[in-house]
file model-v3.tsv (TSV, C-alpha atoms)
chain	number	residue	atom	x	y	z
A	933	MET	CA	0.00	0.00	0.00
A	934	THR	CA	2.79	2.36	0.99
A	935	LYS	CA	4.61	1.35	-2.17
A	936	TRP	CA	1.65	2.34	-4.40
A	937	LEU	CA	1.24	5.61	-2.51
A	938	SER	CA	4.89	6.54	-3.06
A	939	VAL	CA	4.65	5.64	-6.77
A	940	GLY	CA	1.53	7.79	-7.09
A	941	PHE	CA	3.21	10.67	-5.28
A	942	ALA	CA	6.29	10.42	-7.54
A	943	ALA	CA	4.07	10.40	-10.68
A	944	PHE	CA	2.22	13.47	-9.38
A	945	LEU	CA	5.52	15.25	-8.75
A	946	ILE	CA	6.82	14.42	-12.27
A	947	PHE	CA	3.54	15.57	-13.87
A	948	GLY	CA	3.66	18.83	-11.88
A	949	ALA	CA	7.30	19.41	-12.84
A	950	VAL	CA	6.53	18.90	-16.56
A	951	LEU	CA	3.62	21.35	-16.36
A	952	ALA	CA	5.73	23.95	-14.53
A	953	THR	CA	8.62	23.58	-17.04
A	954	SER	CA	6.36	24.03	-20.07
A	955	ALA	CA	4.69	27.06	-18.48
A	956	ALA	CA	8.11	28.59	-17.68
A	957	ALA	CA	9.33	27.93	-21.24
A	958	LYS	CA	6.28	29.72	-22.62
A	959	ASP	CA	6.76	32.70	-20.32
A	960	ALA	CA	10.42	33.01	-21.31
A	961	ALA	CA	9.37	34.10	-24.79
A	962	THR	CA	6.25	36.17	-24.26
A	963	ILE	CA	5.73	38.15	-27.44
A	964	GLU	CA	3.10	40.73	-28.25
A	965	LEU	CA	2.06	41.63	-31.77
A	966	ASN	CA	0.51	44.91	-32.94
A	967	GLU	CA	-2.67	43.20	-34.16
A	968	GLY	CA	-4.70	46.42	-33.86
A	969	VAL	CA	-2.72	47.96	-36.74
A	970	LEU	CA	-2.48	44.79	-38.86
A	971	VAL	CA	-6.25	44.23	-38.92
A	972	ALA	CA	-6.69	47.22	-41.27
A	973	VAL	CA	-3.88	46.28	-43.67
A	974	ARG	CA	-4.85	45.60	-47.31
A	975	PRO	CA	-2.95	42.79	-49.09
A	976	ASP	CA	-0.61	43.71	-51.99
A	977	LEU	CA	-1.29	47.40	-51.33
A	978	ASP	CA	-0.23	48.55	-47.85
A	979	THR	CA	3.24	48.17	-46.37
A	980	SER	CA	2.68	47.66	-42.66
A	981	THR	CA	5.06	47.61	-39.70
A	982	VAL	CA	4.97	44.32	-37.80
A	983	GLU	CA	6.06	45.12	-34.23
A	984	LEU	CA	7.11	42.43	-31.81
A	985	SER	CA	7.43	43.27	-28.10
A	986	PHE	CA	9.45	40.88	-25.94
A	987	GLN	CA	8.87	40.93	-22.20
A	988	ASP	CA	11.94	38.97	-21.14
A	989	VAL	CA	14.51	39.79	-23.83
A	990	THR	CA	16.05	43.27	-23.92
A	991	ASN	CA	18.78	42.82	-26.52
A	992	GLY	CA	19.38	39.93	-28.89
A	993	SER	CA	17.94	38.70	-32.13
A	994	VAL	CA	14.96	36.76	-33.44
A	995	HIS	CA	14.92	34.44	-36.45
A	996	ILE	CA	11.62	34.92	-38.30
A	997	GLN	CA	10.02	32.29	-40.52
A	998	LEU	CA	6.80	33.59	-42.03
A	999	SER	CA	4.52	31.30	-44.04
A	1000	SER	CA	1.58	32.34	-46.19
A	1001	PRO	CA	-2.01	31.13	-45.64
A	1002	GLU	CA	-2.82	27.61	-46.77
A	1003	THR	CA	-4.74	26.98	-50.01
A	1004	LYS	CA	-8.53	26.93	-49.67
A	1005	PHE	CA	-10.44	25.04	-52.35
A	1006	PHE	CA	-13.40	27.43	-52.62
A	1007	SER	CA	-11.60	30.79	-52.29
A	1008	PRO	CA	-8.46	31.18	-54.39
A	1009	THR	CA	-6.51	34.43	-53.90
A	1010	ASP	CA	-4.77	36.90	-56.27
A	1011	PHE	CA	-1.52	34.90	-56.04
A	1012	PRO	CA	-2.39	31.17	-56.06
A	1013	TRP	CA	1.29	30.10	-56.31
A	1014	VAL	CA	2.07	31.97	-53.07
A	1015	GLU	CA	-0.52	30.09	-50.96
A	1016	GLY	CA	1.05	27.76	-48.38
A	1017	THR	CA	4.67	28.73	-49.14
A	1018	PRO	CA	7.49	30.30	-47.04
A	1019	LEU	CA	7.71	34.10	-47.34
A	1020	ILE	CA	10.45	35.26	-44.96
A	1021	ASP	CA	13.45	33.41	-43.52
A	1022	SER	CA	15.63	36.08	-41.86
A	1023	THR	CA	17.04	37.27	-38.57
A	1024	VAL	CA	16.03	40.61	-37.06
A	1025	SER	CA	17.70	42.49	-34.18
A	1026	ILE	CA	15.94	42.99	-30.84
A	1027	GLU	CA	16.68	46.38	-29.27
A	1028	ASN	CA	15.20	47.50	-25.95
A	1029	GLY	CA	12.80	44.54	-26.00
A	1030	LYS	CA	11.39	45.36	-29.45
A	1031	ALA	CA	11.90	44.10	-32.99
A	1032	SER	CA	10.09	45.22	-36.10
A	1033	PHE	CA	10.02	44.83	-39.85
A	1034	ASP	CA	7.99	46.45	-42.63
A	1035	TYR	CA	6.20	44.04	-44.94
A	1036	MET	CA	3.62	44.08	-47.71
A	1037	PHE	CA	1.45	40.98	-47.15
A	1038	PRO	CA	0.61	39.49	-50.57
A	1039	ILE	CA	-2.77	37.79	-49.95
A	1040	ARG	CA	-5.59	37.61	-47.39
A	1041	GLY	CA	-5.71	34.87	-44.76
A	1042	GLU	CA	-3.97	33.59	-41.66
A	1043	TYR	CA	-0.16	33.76	-41.75
A	1044	ALA	CA	1.94	31.53	-39.48
A	1045	MET	CA	5.09	33.05	-37.98
A	1046	THR	CA	7.70	30.99	-36.14
A	1047	LEU	CA	10.08	33.01	-33.96
A	1048	ASP	CA	13.37	31.57	-32.66
A	1049	LEU	CA	14.70	33.84	-29.93
A	1050	MET	CA	18.38	34.37	-29.18
A	1051	ASP	CA	20.03	36.51	-26.53
A	1052	ASP	CA	22.87	38.98	-27.23
A	1053	THR	CA	25.45	36.17	-27.02
A	1054	GLY	CA	23.62	34.16	-29.71
A	1055	LYS	CA	22.30	31.54	-27.27
A	1056	ALA	CA	18.84	30.14	-28.08
A	1057	ILE	CA	16.17	31.15	-25.56
A	1058	GLY	CA	12.97	29.71	-26.94
A	1059	THR	CA	10.61	29.34	-29.87
A	1060	GLN	CA	7.13	30.68	-30.28
A	1061	GLU	CA	4.51	30.63	-33.01
A	1062	LEU	CA	2.22	33.53	-33.81
A	1063	LYS	CA	-0.67	33.98	-36.22
A	1064	ILE	CA	-1.32	37.12	-38.26
A	1065	ASN	CA	-4.73	37.67	-39.85
A	1066	ILE	CA	-4.93	39.82	-42.96
A	1067	HIS	CA	-8.36	40.70	-44.36
A	1068	GLU	CA	-9.26	41.20	-48.01
A	1069	ASN	CA	-9.27	44.71	-49.45
A	1070	PRO	CA	-12.90	45.95	-48.97
A	1071	LYS	CA	-12.80	47.61	-52.43
A	1072	GLU	CA	-11.89	44.29	-54.07
A	1073	VAL	CA	-14.76	42.55	-52.24
A	1074	ARG	CA	-17.16	45.28	-53.41
A	1075	ASN	CA	-15.90	45.05	-57.01
A	1076	ALA	CA	-16.23	41.24	-56.97
A	1077	ILE	CA	-19.84	41.50	-55.74
A	1078	ILE	CA	-20.66	44.08	-58.46
A	1079	PHE	CA	-19.01	41.93	-61.17
A	1080	ILE	CA	-20.85	38.75	-60.09
A	1081	GLY	CA	-24.10	40.71	-59.81
A	1082	LEU	CA	-23.68	42.09	-63.35
A	1083	LEU	CA	-22.98	38.59	-64.69
A	1084	ALA	CA	-26.12	37.27	-63.00
A	1085	ILE	CA	-28.17	40.18	-64.44
A	1086	PHE	CA	-26.67	39.51	-67.90
A	1087	GLY	CA	-27.70	35.84	-67.59
A	1088	LEU	CA	-31.15	36.82	-66.38
A	1089	LEU	CA	-31.69	39.21	-69.32
A	1090	CYS	CA	-30.43	36.59	-71.82
A	1091	GLY	CA	-32.77	33.96	-70.35
A	1092	TRP	CA	-35.71	36.35	-70.39
A	1093	VAL	CA	-35.10	37.59	-73.96
A	1094	PHE	CA	-34.46	34.10	-75.44
A	1095	SER	CA	-37.45	32.64	-73.63
A	1096	LYS	CA	-39.73	35.42	-74.91
A	1097	ARG	CA	-38.44	34.89	-78.48
A	1098	ARG	CA	-39.07	31.17	-78.20
A	1099	MET	CA	-42.60	31.78	-76.96
A	1100	ARG	CA	-43.27	34.05	-79.95
A	1101	LEU	CA	-41.92	31.39	-82.35
A	1102	ASP	CA	-44.03	28.72	-80.64
A	1103	ALA	CA	-47.11	30.94	-80.96
A	1104	VAL	CA	-46.51	31.13	-84.73
B	1258	MET	CA	-20.54	21.20	-84.88
B	1259	ARG	CA	-22.03	23.47	-82.23
B	1260	PHE	CA	-19.91	21.75	-79.54
B	1261	ASN	CA	-16.74	22.44	-81.56
B	1262	ARG	CA	-17.58	26.14	-81.73
B	1263	VAL	CA	-18.16	26.33	-77.96
B	1264	ALA	CA	-14.93	24.41	-77.29
B	1265	GLY	CA	-13.01	26.81	-79.57
B	1266	LEU	CA	-14.47	29.82	-77.75
B	1267	VAL	CA	-13.50	28.35	-74.37
B	1268	LEU	CA	-9.95	27.74	-75.66
B	1269	ILE	CA	-9.64	31.34	-76.89
B	1270	LEU	CA	-10.89	32.63	-73.51
B	1271	MET	CA	-8.37	30.46	-71.65
B	1272	LEU	CA	-5.52	31.71	-73.87
B	1273	MET	CA	-6.59	35.32	-73.25
B	1274	MET	CA	-6.46	34.69	-69.49
B	1275	GLN	CA	-2.97	33.20	-69.92
B	1276	ALA	CA	-1.68	36.24	-71.86
B	1277	SER	CA	-2.97	38.76	-69.32
B	1278	VAL	CA	-0.79	37.28	-66.54
B	1279	PHE	CA	2.42	38.49	-68.18
B	1280	ALA	CA	1.06	41.95	-68.91
B	1281	HIS	CA	3.75	43.75	-66.87
B	1282	GLY	CA	6.56	41.41	-67.94
B	1283	SER	CA	9.91	40.90	-66.29
B	1284	ASP	CA	13.23	41.01	-68.08
B	1285	GLU	CA	15.48	38.66	-66.16
B	1286	SER	CA	18.57	38.92	-68.35
B	1287	GLU	CA	19.94	41.98	-66.50
B	1288	ALA	CA	19.23	40.63	-63.01
B	1289	ASP	CA	21.87	39.91	-60.35
B	1290	ILE	CA	19.59	37.44	-58.56
B	1291	HIS	CA	17.08	35.14	-60.22
B	1292	ALA	CA	14.02	34.30	-58.13
B	1293	ARG	CA	10.78	32.38	-58.71
B	1294	VAL	CA	7.30	33.11	-57.38
B	1295	GLY	CA	6.45	30.56	-54.67
B	1296	GLU	CA	10.04	29.97	-53.54
B	1297	LEU	CA	12.42	31.68	-51.12
B	1298	ALA	CA	15.33	33.64	-52.59
B	1299	TYR	CA	18.39	34.38	-50.46
B	1300	VAL	CA	20.34	37.63	-50.64
B	1301	GLU	CA	23.72	37.03	-49.07
B	1302	GLY	CA	27.13	38.67	-49.20
B	1303	LYS	CA	29.86	40.39	-47.23
B	1304	PHE	CA	30.91	43.96	-46.62
B	1305	ASP	CA	34.68	44.28	-46.94
B	1306	GLN	CA	36.77	46.98	-45.27
B	1307	ILE	CA	34.25	47.98	-42.61
B	1308	GLY	CA	36.57	47.35	-39.67
B	1309	SER	CA	36.24	44.87	-36.85
B	1310	ASN	CA	33.36	46.51	-34.98
B	1311	PRO	CA	29.85	45.03	-35.25
B	1312	VAL	CA	27.58	46.85	-37.68
B	1313	ALA	CA	23.83	47.09	-38.17
B	1314	VAL	CA	22.71	45.70	-41.54
B	1315	LYS	CA	19.64	47.25	-43.15
B	1316	PHE	CA	17.79	45.30	-45.86
B	1317	LYS	CA	15.20	46.84	-48.17
B	1318	ALA	CA	13.35	45.30	-51.13
B	1319	VAL	CA	11.45	47.59	-53.53
B	1320	ARG	CA	9.20	46.57	-56.44
B	1321	LEU	CA	10.45	48.68	-59.34
B	1322	GLU	CA	7.23	48.88	-61.40
B	1323	ASP	CA	5.42	50.96	-58.74
B	1324	GLY	CA	8.15	51.75	-56.17
B	1325	ALA	CA	6.33	49.79	-53.44
B	1326	ASP	CA	8.33	48.82	-50.34
B	1327	ILE	CA	7.91	45.06	-50.06
B	1328	LEU	CA	10.16	44.29	-47.09
B	1329	SER	CA	12.46	46.29	-44.79
B	1330	MET	CA	14.29	44.82	-41.83
B	1331	GLU	CA	17.39	45.33	-39.73
B	1332	SER	CA	19.89	42.81	-38.48
B	1333	SER	CA	23.43	42.95	-37.12
B	1334	SER	CA	26.74	41.52	-38.24
B	1335	VAL	CA	30.07	41.04	-36.49
B	1336	ASP	CA	32.21	40.07	-39.48
B	1337	GLY	CA	30.36	41.98	-42.22
B	1338	THR	CA	28.47	38.98	-43.60
B	1339	TYR	CA	24.70	38.99	-44.09
B	1340	LYS	CA	21.96	36.67	-45.29
B	1341	PHE	CA	18.30	37.50	-45.82
B	1342	GLY	CA	15.68	35.12	-47.20
B	1343	MET	CA	12.40	36.28	-48.71
B	1344	GLN	CA	9.93	35.30	-51.40
B	1345	PHE	CA	9.25	37.75	-54.22
B	1346	PHE	CA	5.54	37.09	-54.68
B	1347	ASP	CA	5.06	39.30	-57.75
B	1348	GLY	CA	6.62	38.33	-61.07
B	1349	ALA	CA	8.17	41.78	-61.59
B	1350	GLU	CA	11.65	43.25	-61.25
B	1351	HIS	CA	12.76	44.24	-57.73
B	1352	GLU	CA	15.68	46.19	-56.31
B	1353	VAL	CA	17.30	45.07	-53.06
B	1354	THR	CA	19.51	47.46	-51.08
B	1355	VAL	CA	21.69	46.22	-48.21
B	1356	GLU	CA	23.41	48.85	-46.06
B	1357	ALA	CA	26.06	48.53	-43.36
B	1358	VAL	CA	25.24	51.16	-40.74
B	1359	ASP	CA	27.37	52.35	-37.82
B	1360	PRO	CA	25.21	51.55	-34.76
B	1361	ALA	CA	26.74	54.46	-32.80
B	1362	ASN	CA	25.84	57.36	-35.09
B	1363	GLY	CA	23.59	55.79	-37.75
B	1364	SER	CA	25.83	56.73	-40.67
B	1365	VAL	CA	25.97	54.44	-43.71
B	1366	ILE	CA	29.41	52.79	-43.98
B	1367	ALA	CA	28.82	50.67	-47.09
B	1368	GLU	CA	26.00	49.86	-49.49
B	1369	GLN	CA	25.29	47.03	-51.94
B	1370	LYS	CA	22.47	46.95	-54.49
B	1371	TYR	CA	21.02	43.97	-56.35
B	1372	ILE	CA	18.48	43.76	-59.15
B	1373	VAL	CA	16.21	40.74	-58.68
B	1374	GLY	CA	14.46	39.25	-61.70
B	1375	VAL	CA	11.41	37.23	-60.70
B	1376	GLN	CA	10.09	34.45	-62.91
B	1377	ALA	CA	6.31	34.58	-63.06
B	1378	PHE	CA	3.97	31.67	-63.70
B	1379	ASN	CA	0.47	31.27	-65.05
B	1380	PRO	CA	-2.13	30.64	-62.37
B	1381	PRO	CA	-2.55	26.86	-61.87
B	1382	ALA	CA	-4.91	25.28	-64.42
B	1383	GLY	CA	-7.14	24.04	-61.58
B	1384	VAL	CA	-7.68	27.59	-60.28
B	1385	LYS	CA	-8.44	28.92	-63.80
B	1386	PHE	CA	-10.90	26.08	-64.38
B	1387	LYS	CA	-12.64	26.65	-61.03
B	1388	ALA	CA	-13.00	30.40	-61.74
B	1389	PHE	CA	-14.34	29.64	-65.24
B	1390	VAL	CA	-16.91	27.13	-63.94
B	1391	PHE	CA	-18.00	29.51	-61.16
B	1392	LEU	CA	-18.56	32.47	-63.50
B	1393	LEU	CA	-20.34	30.24	-66.01
B	1394	ALA	CA	-22.57	28.91	-63.20
B	1395	VAL	CA	-23.49	32.48	-62.17
B	1396	ILE	CA	-24.62	33.24	-65.76
B	1397	ALA	CA	-26.48	29.90	-65.93
B	1398	ILE	CA	-28.33	30.59	-62.66
B	1399	GLY	CA	-29.24	34.08	-63.91
B	1400	MET	CA	-30.43	32.62	-67.22
B	1401	THR	CA	-32.59	30.01	-65.46
B	1402	ALA	CA	-34.14	32.76	-63.35
B	1403	GLY	CA	-34.76	34.82	-66.52
B	1404	VAL	CA	-36.54	31.92	-68.23
B	1405	GLY	CA	-38.53	31.30	-65.05
B	1406	ILE	CA	-39.64	34.95	-64.81
B	1407	SER	CA	-40.62	34.97	-68.50
B	1408	LYS	CA	-42.71	31.80	-68.12
B	1409	LEU	CA	-44.31	33.10	-64.93
B	1410	GLY	CA	-45.32	36.36	-66.65
B	1411	LYS	CA	-46.79	34.49	-69.60
B	1412	ARG	CA	-48.68	32.09	-67.34
B	1413	THR	CA	-50.14	34.98	-65.30
B	1414	ARG	CA	-51.27	36.73	-68.48
B	1415	TYR	CA	-52.91	33.62	-70.00
B	1416	ALA	CA	-54.49	32.69	-66.64
B	1417	LYS	CA	-56.72	35.73	-67.14
B	1418	GLY	CA	-58.32	34.11	-70.22
B	1419	GLY	CA	-55.61	33.61	-72.83
B	1420	ASN	CA	-54.13	30.49	-74.47
B	1421	LEU	CA	-50.87	29.19	-72.91
B	1422	SER	CA	-48.50	27.93	-75.57
B	1423	VAL	CA	-45.30	27.77	-73.48
B	1424	LYS	CA	-43.63	24.36	-73.32

call {"tool": "encode", "arguments": {"input": "model-v3.tsv", "output": "C-alpha cells"}}
result
Amino acid sequence: MTKWLSVGFAAFLIFGAVLATSAAAKDAATIELNEGVLVAVRPDLDTSTVELSFQDVTNGSVHIQLSSPETKFFSPTDFPWVEGTPLIDSTVSIENGKASFDYMFPIRGEYAMTLDLMDDTGKAIGTQELKINIHENPKEVRNAIIFIGLLAIFGLLCGWVFSKRRMRLDAV
Amino acid sequence: MRFNRVAGLVLILMLMMQASVFAHGSDESEADIHARVGELAYVEGKFDQIGSNPVAVKFKAVRLEDGADILSMESSSVDGTYKFGMQFFDGAEHEVTVEAVDPANGSVIAEQKYIVGVQAFNPPAGVKFKAFVFLLAVIAIGMTAGVGISKLGKRTRYAKGGNLSVK
C-alpha cells in the first residue's frame, strides 16, 4: 500500500514538474504583436510595420520564418502560387525589447510566424509561433460582388429575352 | 458542330487569361539574382573593409514597377556577412539594397544593391478552371431565373383568359 502511494506521489511530482517547465518555457518568450494595426492592412497594397514586443529579452535577435495562408479550395486568392509557401526566412535584431520589420502581405488569410529567440550572445532562448490575420481589401470585395451581380443580371436578361423569343416562335 | 464552336471559344478565352498574366513582364537577363514566385530567394554577401566593430545591416526590397516597399528589416553583423531570405511574390523586377550602418551614429558605412528578376507563372490550371466554372454557373443561374420569370409572366397573363403555348 505504501509502495503504491509513493509511486503515485512520484508520478504526481513528475507531472507537476513537466507542467511547470512548459509554463516557464512559454513565459520566457512572451511576445506581443501589434494586431490592432495589422487588422486594417490591405494585401498587396499597404506596407505595414509588424512590431514584436518581448517581455523577457532586452537585446538579442529573433529568427523569423513567415509562411503564407494555406490553399482553400473554394476561395483562391490573387496569387495562387504563393498560398502555403514560405515568405520570410531572416534574422532581425531585438533592441530595448522590441523588434520590427515592414512588410507588404501578398494575400488575405492567416499567416503563421515561427520566432526563434536568441540573446545577445547568440544563445537560443525559446521558440514561439504567432498567427497574423490579414483581411481582403474591402474595395476588391465590393468590385467582386458588383461583377458577379452584373454577370447574373446579364444571364437573367439573356434567359428572359431568349425565352420570350421562343414563346413568340411557338405561338406562330 | 455546335460543340466544336463552344470548345473553340473556351480555348480562346483560356488563352486570353494566360496572356494577361504576363502583362507587366519581367526582363530577367539583366538581373543579379534570379528568383521564382512561390520559392524563397536568399540575398547574401559580405561587406569588406568595414573594420572589426559590429555593424547594423539594413535590408530593403522595392518593387520597381510601382516603387512599393515590399520588405524592410534590420539585423546585425560582427564580421560583415549577411543573409536575408524572402519570397518575391510578384513576377516583376525588384531592387534590393543592403546597407552597413554604424550603430553608434547611424551613418551608412557601405551599401550594396542587387536587381532581382522574378520568374512569373500562369495561375494553376485548376484555379483557372474553377473560376471559369464559377462564372459560367453564375450566368447559368441568372439565365434560369430569366426563363422562369418569363414563363411566370406568360402564365399569369394567360391565366386571365388567354391560351398558354409555353412548353

call {"tool": "closest_atom_pairs", "arguments": {"input": "model-v3.tsv", "of": "chain A", "to": "chain B", "cutoff": "9 Å", "atoms": "only C-alpha atoms", "output": "tab-separated table"}}
result
residue	atom	partner	partner_atom	distance
A:Asp976	CA	B:Ile1327	CA	8.8
A:Leu977	CA	B:Ala1325	CA	8.3
A:Asp978	CA	B:Ala1325	CA	8.7
A:Thr979	CA	B:Asp1326	CA	6.5
A:Ser993	CA	B:Ser1332	CA	7.8
A:Phe1005	CA	B:Val1384	CA	8.8
A:Phe1006	CA	B:Lys1387	CA	8.5
A:Pro1008	CA	B:Val1384	CA	6.9
A:Phe1011	CA	B:Phe1346	CA	7.5
A:Pro1012	CA	B:Pro1380	CA	6.3
A:Trp1013	CA	B:Gly1295	CA	5.4
A:Val1014	CA	B:Gly1295	CA	4.9
A:Glu1015	CA	B:Gly1295	CA	7.9
A:Gly1016	CA	B:Gly1295	CA	8.8
A:Thr1017	CA	B:Gly1295	CA	6.1
A:Pro1018	CA	B:Leu1297	CA	6.5
A:Leu1019	CA	B:Gln1344	CA	4.8
A:Ile1020	CA	B:Met1343	CA	4.3
A:Asp1021	CA	B:Gly1342	CA	4.6
A:Ser1022	CA	B:Phe1341	CA	5.0
A:Thr1023	CA	B:Ser1332	CA	6.2
A:Val1024	CA	B:Ser1332	CA	4.7
A:Ser1025	CA	B:Ser1332	CA	4.8
A:Ile1026	CA	B:Ser1332	CA	8.6
A:Ala1031	CA	B:Glu1331	CA	8.8
A:Ser1032	CA	B:Met1330	CA	7.1
A:Phe1033	CA	B:Met1330	CA	4.7
A:Asp1034	CA	B:Ser1329	CA	5.0
A:Tyr1035	CA	B:Leu1328	CA	4.5
A:Met1036	CA	B:Ile1327	CA	5.0
A:Phe1037	CA	B:Ile1327	CA	8.2
A:Pro1038	CA	B:Phe1346	CA	6.9
A:Ile1080	CA	B:Val1395	CA	7.1
A:Gly1081	CA	B:Val1395	CA	8.6
A:Leu1083	CA	B:Ile1396	CA	5.7
A:Ala1084	CA	B:Gly1399	CA	4.6
A:Ile1085	CA	B:Gly1399	CA	6.2
A:Phe1086	CA	B:Ile1396	CA	6.9
A:Gly1087	CA	B:Met1400	CA	4.2
A:Leu1088	CA	B:Gly1403	CA	4.1
A:Leu1089	CA	B:Gly1403	CA	6.0
A:Cys1090	CA	B:Met1400	CA	6.1
A:Gly1091	CA	B:Met1400	CA	4.1
A:Trp1092	CA	B:Gly1403	CA	4.3
A:Val1093	CA	B:Gly1403	CA	7.9
A:Phe1094	CA	B:Val1404	CA	7.8
A:Ser1095	CA	B:Val1404	CA	5.5
A:Lys1096	CA	B:Ser1407	CA	6.5
A:Arg1098	CA	B:Val1423	CA	8.5
A:Met1099	CA	B:Val1423	CA	6.0
A:Asp1102	CA	B:Ser1422	CA	6.8
A:Ala1103	CA	B:Ser1422	CA	6.3

call {"tool": "atom_distance", "arguments": {"input": "model-v3.tsv", "atom1": "CA of Pro1360 (chain B)", "atom2": "CA of Asp1305 (chain B)"}}
result
17.1 Å

call {"tool": "closest_residue", "arguments": {"input": "model-v3.tsv", "among": "B:Val1390, B:Val1358, B:Ile1366, B:Ile1372", "to": "Val1312 (chain B)", "atoms": "only C-alpha atoms"}}
result
B:Val1358

call {"tool": "axis_aligned_box", "arguments": {"input": "model-v3.tsv", "around": "region 1052-1059 of chain A", "padding_each_side": "4 Å", "output": "JSON"}}
result
{"center_x": 18.0, "center_y": 34.2, "center_z": -27.7, "size_x": 22.8, "size_y": 17.6, "size_z": 12.3}

call {"tool": "residues_around", "arguments": {"input": "model-v3.tsv", "residues": "Thr990 (chain A)", "least_positions_apart": "6", "cutoff": "7 Å", "atoms": "all atoms listed in the file", "output": "VMD selection string"}}
result
chain A and resid 1026 to 1029

call {"tool": "atom_distance", "arguments": {"input": "model-v3.tsv", "atom1": "CA of Ile1039 (chain A)", "atom2": "CA of Arg1320 (chain B)"}}
result
16.2 Å

call {"tool": "decode", "arguments": {"input": "model-v3.tsv", "residues": "region 1316-1334 of chain B", "atoms": "N, CA and C atoms", "output": "compact mmCIF listing (two decimals), in the first residue's frame"}}
result
# COMPACT_ATOMS: atom_id res chain seq x y z
N PHE B 1316 18.21 45.96 -44.62
CA PHE B 1316 17.79 45.30 -45.86
C PHE B 1316 16.50 45.96 -46.34
N LYS B 1317 16.43 46.24 -47.63
CA LYS B 1317 15.20 46.84 -48.17
C LYS B 1317 14.94 46.30 -49.57
N ALA B 1318 13.74 45.80 -49.81
CA ALA B 1318 13.35 45.30 -51.13
C ALA B 1318 12.24 46.18 -51.68
N VAL B 1319 12.43 46.69 -52.89
CA VAL B 1319 11.45 47.59 -53.53
C VAL B 1319 11.03 47.00 -54.87
N ARG B 1320 9.71 47.00 -55.13
CA ARG B 1320 9.20 46.57 -56.44
C ARG B 1320 9.34 47.74 -57.39
N LEU B 1321 10.09 47.54 -58.49
CA LEU B 1321 10.45 48.68 -59.34
C LEU B 1321 9.29 49.23 -60.16
N GLU B 1322 8.31 48.39 -60.51
CA GLU B 1322 7.23 48.88 -61.40
C GLU B 1322 6.36 49.95 -60.74
N ASP B 1323 6.22 49.92 -59.40
CA ASP B 1323 5.42 50.96 -58.74
C ASP B 1323 6.13 51.58 -57.53
N GLY B 1324 7.38 51.18 -57.29
CA GLY B 1324 8.15 51.75 -56.17
C GLY B 1324 7.66 51.32 -54.80
N ALA B 1325 6.89 50.23 -54.73
CA ALA B 1325 6.33 49.79 -53.44
C ALA B 1325 7.40 49.12 -52.58
N ASP B 1326 7.42 49.48 -51.29
CA ASP B 1326 8.33 48.82 -50.34
C ASP B 1326 7.74 47.46 -49.98
N ILE B 1327 8.43 46.41 -50.34
CA ILE B 1327 7.91 45.06 -50.06
C ILE B 1327 8.36 44.59 -48.68
N LEU B 1328 9.65 44.76 -48.39
CA LEU B 1328 10.16 44.29 -47.09
C LEU B 1328 11.34 45.16 -46.65
N SER B 1329 11.32 45.58 -45.39
CA SER B 1329 12.46 46.29 -44.79
C SER B 1329 12.72 45.66 -43.43
N MET B 1330 13.96 45.36 -43.15
CA MET B 1330 14.29 44.82 -41.83
C MET B 1330 15.74 45.14 -41.48
N GLU B 1331 16.05 44.99 -40.19
CA GLU B 1331 17.39 45.33 -39.73
C GLU B 1331 17.96 44.20 -38.91
N SER B 1332 19.20 43.86 -39.21
CA SER B 1332 19.89 42.81 -38.48
C SER B 1332 21.24 43.34 -38.05
N SER B 1333 22.08 42.50 -37.50
CA SER B 1333 23.43 42.95 -37.12
C SER B 1333 24.45 41.94 -37.61
N SER B 1334 25.68 42.40 -37.77
CA SER B 1334 26.74 41.52 -38.24
C SER B 1334 28.05 41.86 -37.55
